[in-house]
Amino acid sequence: MPGCSRECCTTSLISQTMTRMGPILAPEMSLPLANSAASSATDPSSLFPKLPSLNGTYGAVLIGTYVSLILYGVTLHQAYRYFRLSSSDSPGTKIYVVGLLTLDTFHTVVCMHISYWYLVENYFDPLRLYTGVWSINLLSVLVGVTIISCQCFYARRVYLLGRQYRLLVLATAIMFLAELGCSITLSVKAFVEPSYTDFRKFAWLISVAFGIVVLADVLLTGVLILTLNRSRTGFRRTDSMIDVLILYAMCTGLLTDIFSALIFIFALVSPSNMIYIGCDSVAAKLYVNSVLAALNFRRSFASGEDSGVLAGVVGLFRQPRPDTETTSGIMSSPLFLNSKTSGGSSHAMQRLQKGRLEGHVTVQAHVLGSGPSGLSASGSAHAI
């Protein structure tokens with residue numbers, strides 16, 4: 001009808017006028033549709049869904065990946081030095097180093113895949129950010145195997161010190177199995193519980209695993225330091241080299257234990273974040289670097305006349321097997337005395353100290369019950 005049409009046209013005209021003039025004369029009278037269009041024009045991000053903050057989650061993982069890549073470069077350098085300078089090592093040692101390098105390389109690939117998958121390929125998919133992928137699910141068991149492989153190197157070093165320490169080595173071996181069990185359980189739970197919200201309920205297993213890691217490291221390092229401290233002879237040069245070895249043992253174990261303690265704390269206190277995962281990746285790299293540095297340390301430390309003999313105390317390498325060798329006065333240390341030497345250990349000590357004054361002595365030695373070891377002044381050695 002004509003009246004209705006005129007009324008409709010009038011209403012439409014008023015609406016258009018208010019839409020155009022509303023933001024200027026009376027903002028509160030603007031239509032909701034006009035407000036929405038204006039908001040979209042000034043802030044295009046309002047059209048997209050709000051994403052959660054990633055600073056404490058995948059941001060921490062990304063920073064851990066950055067640091068891990070730097071340490072992986074150090075690992076490659078250490079491995080290059082090892083294969084270049086330690087060609088005389090046993091095949092078993094070389095296979096062990098290759099295995100560590102393979103684990104470390106795979107760990108690096110996994111860390112990069114985690115960062116790419118969540119922060120590049122699925123950065124705009126909030127549901128993907130809360131679900132697991134094969135790389136992050138395997139991370140726990142991969143880090144666990146890497147750390148245990150490195151700890152076995154230090155456990156064997158203590159095993160070579162003597163039979164009195166073999167019960168301690170057995171106890172640490174049980175700890176290693178417990179660590180491995182926690183790591184495998186975490187990976188299985190990650191595949192079974194794909195949601196990160198459900199998985200973080202098991203973060204306490206990470207605290208248990210790294211609590212055991214710290215305890216085993218403290219025991220093994222403590223035994224080495226105690227043994228070295230007891231091997232002091234009173235001679236300035238010998239004692240200074242012992243101080244160097246003690247300091248080296250403390251430094252190589254300190255950094256790894258700091259990161260292990262951080263993982264223990266963060267997984268226990270803040271399981272909803274992923275800071276412990278970032279520290280987890282760095283800790284694995286530090287363990288691999290510490291083992292390779294220990295293997296390379298033999299060569300630099302054995303460059304002196306007596307260094308190769310003293311480095312054998314910590315089980316870094318096994319010496320050749322002749323029963324008798326010519327060595328310097330550092331052999332006055334009780335660690336190198338054979339309990340079967342005629343006249344007893346006291347008589348042998350007196351003979352060795354007298355030989356130091358004469359500058360030359362021939363002895364038969366054991367490294368704390370690890371078997372006969374021919375020790376020469378040249379410091380030459382074969383790797384374990």
# chains A, B, ... in the order shown; residues from 1 in each chain; ligands from 1
call {"tool": "closest_atom_pairs", "arguments": {"of": "segment 177-204 of chain A", "to": "segment 254-267 of chain A", "cutoff": "12 Å", "atoms": "only C-alpha atoms", "output": "JSON lines"}}
result
{"residue": "A:Arg200", "atom": "CA", "partner": "A:Ala267", "partner_atom": "CA", "distance": 9.0}
{"residue": "A:Lys201", "atom": "CA", "partner": "A:Ala267", "partner_atom": "CA", "distance": 10.3}
{"residue": "A:Phe202", "atom": "CA", "partner": "A:Ala267", "partner_atom": "CA", "distance": 9.5}
{"residue": "A:Ala203", "atom": "CA", "partner": "A:Ala267", "partner_atom": "CA", "distance": 5.7}
{"residue": "A:Trp204", "atom": "CA", "partner": "A:Ala267", "partner_atom": "CA", "distance": 6.4}
call {"tool": "residues_around", "arguments": {"residues": "segment 188-198 of chain A", "least_positions_apart": "4", "cutoff": "7 Å", "atoms": "only C-alpha atoms", "output": "PDB file with C-alpha atoms, in the first residue's frame"}}
result
ATOM      1  CA  TYR A 130      47.039 -28.670  22.722  1.00  0.00           C
ATOM      2  CA  THR A 131      47.644 -32.038  21.048  1.00  0.00           C
ATOM      3  CA  GLY A 132      50.838 -34.038  20.748  1.00  0.00           C
ATOM      4  CA  ASN A 137      55.905 -37.713  22.359  1.00  0.00           C
ATOM      5  CA  ILE A 184      59.377 -44.879  28.703  1.00  0.00           C
TER       6      ILE A 184
END
call {"tool": "closest_atom_pairs", "arguments": {"of": "segment 132-164 of chain A", "to": "segment 218-228 of chain A", "cutoff": "8 Å", "atoms": "only C-alpha atoms", "output": "JSON lines"}}
result
{"residue": "A:Tyr154", "atom": "CA", "partner": "A:Leu220", "partner_atom": "CA", "distance": 6.9}
{"residue": "A:Ala155", "atom": "CA", "partner": "A:Leu220", "partner_atom": "CA", "distance": 6.6}
{"residue": "A:Val158", "atom": "CA", "partner": "A:Leu220", "partner_atom": "CA", "distance": 6.8}
call {"tool": "write_last_selection", "arguments": {"atoms": "C-alpha atoms", "output": "PDB file, in the first residue's frame"}}
result
ATOM      1  CA  TYR A 154      80.993 -42.254  34.458  1.00  0.00           C
ATOM      2  CA  ALA A 155      79.723 -45.376  36.210  1.00  0.00           C
ATOM      3  CA  VAL A 158      84.051 -45.593  39.081  1.00  0.00           C
TER       4      VAL A 158
END
call {"tool": "closest_residue", "arguments": {"among": "A:Val98, A:Leu103, A:Ala60, A:Pro91", "to": "Lys285 of chain A", "atoms": "only C-alpha atoms"}}
result
A:Leu103
call {"tool": "atom_distance", "arguments": {"atom1": "atom CA of Asp280 of chain A", "atom2": "atom CA of Cys111 of chain A"}}
result
10.6 Å
call {"tool": "atom_distance", "arguments": {"atom1": "atom CA of Arg299 of chain A", "atom2": "atom CA of Ser88 of chain A"}}
result
11.6 Å
call {"tool": "residues_around", "arguments": {"residues": "Thr108 of chain A", "least_positions_apart": "6", "cutoff": "12 Å", "atoms": "only C-alpha atoms", "output": "list of chain:residue names"}}
result
A:Gly64, A:Thr65, A:Tyr66, A:Val67, A:Ser68, A:Leu69, A:Ile70, A:Leu71, A:Tyr72, A:Gly73, A:Thr75, A:Leu76, A:Leu101, A:Thr102, A:Ile114, A:Ser115, A:Ser135, A:Ile136, A:Leu139, A:Leu142, A:Val143, A:Thr146, A:Ser281, A:Val282, A:Ala284, A:Lys285
call {"tool": "closest_residue", "arguments": {"among": "A:Met241, A:Leu54, A:Ile174, A:Val97", "to": "Phe124 of chain A", "atoms": "only C-alpha atoms"}}
result
A:Leu54
call {"tool": "closest_residue", "arguments": {"among": "A:Met250, A:Leu186, A:Ala293, A:Val133", "to": "Tyr116 of chain A", "atoms": "only C-alpha atoms"}}
result
A:Val133
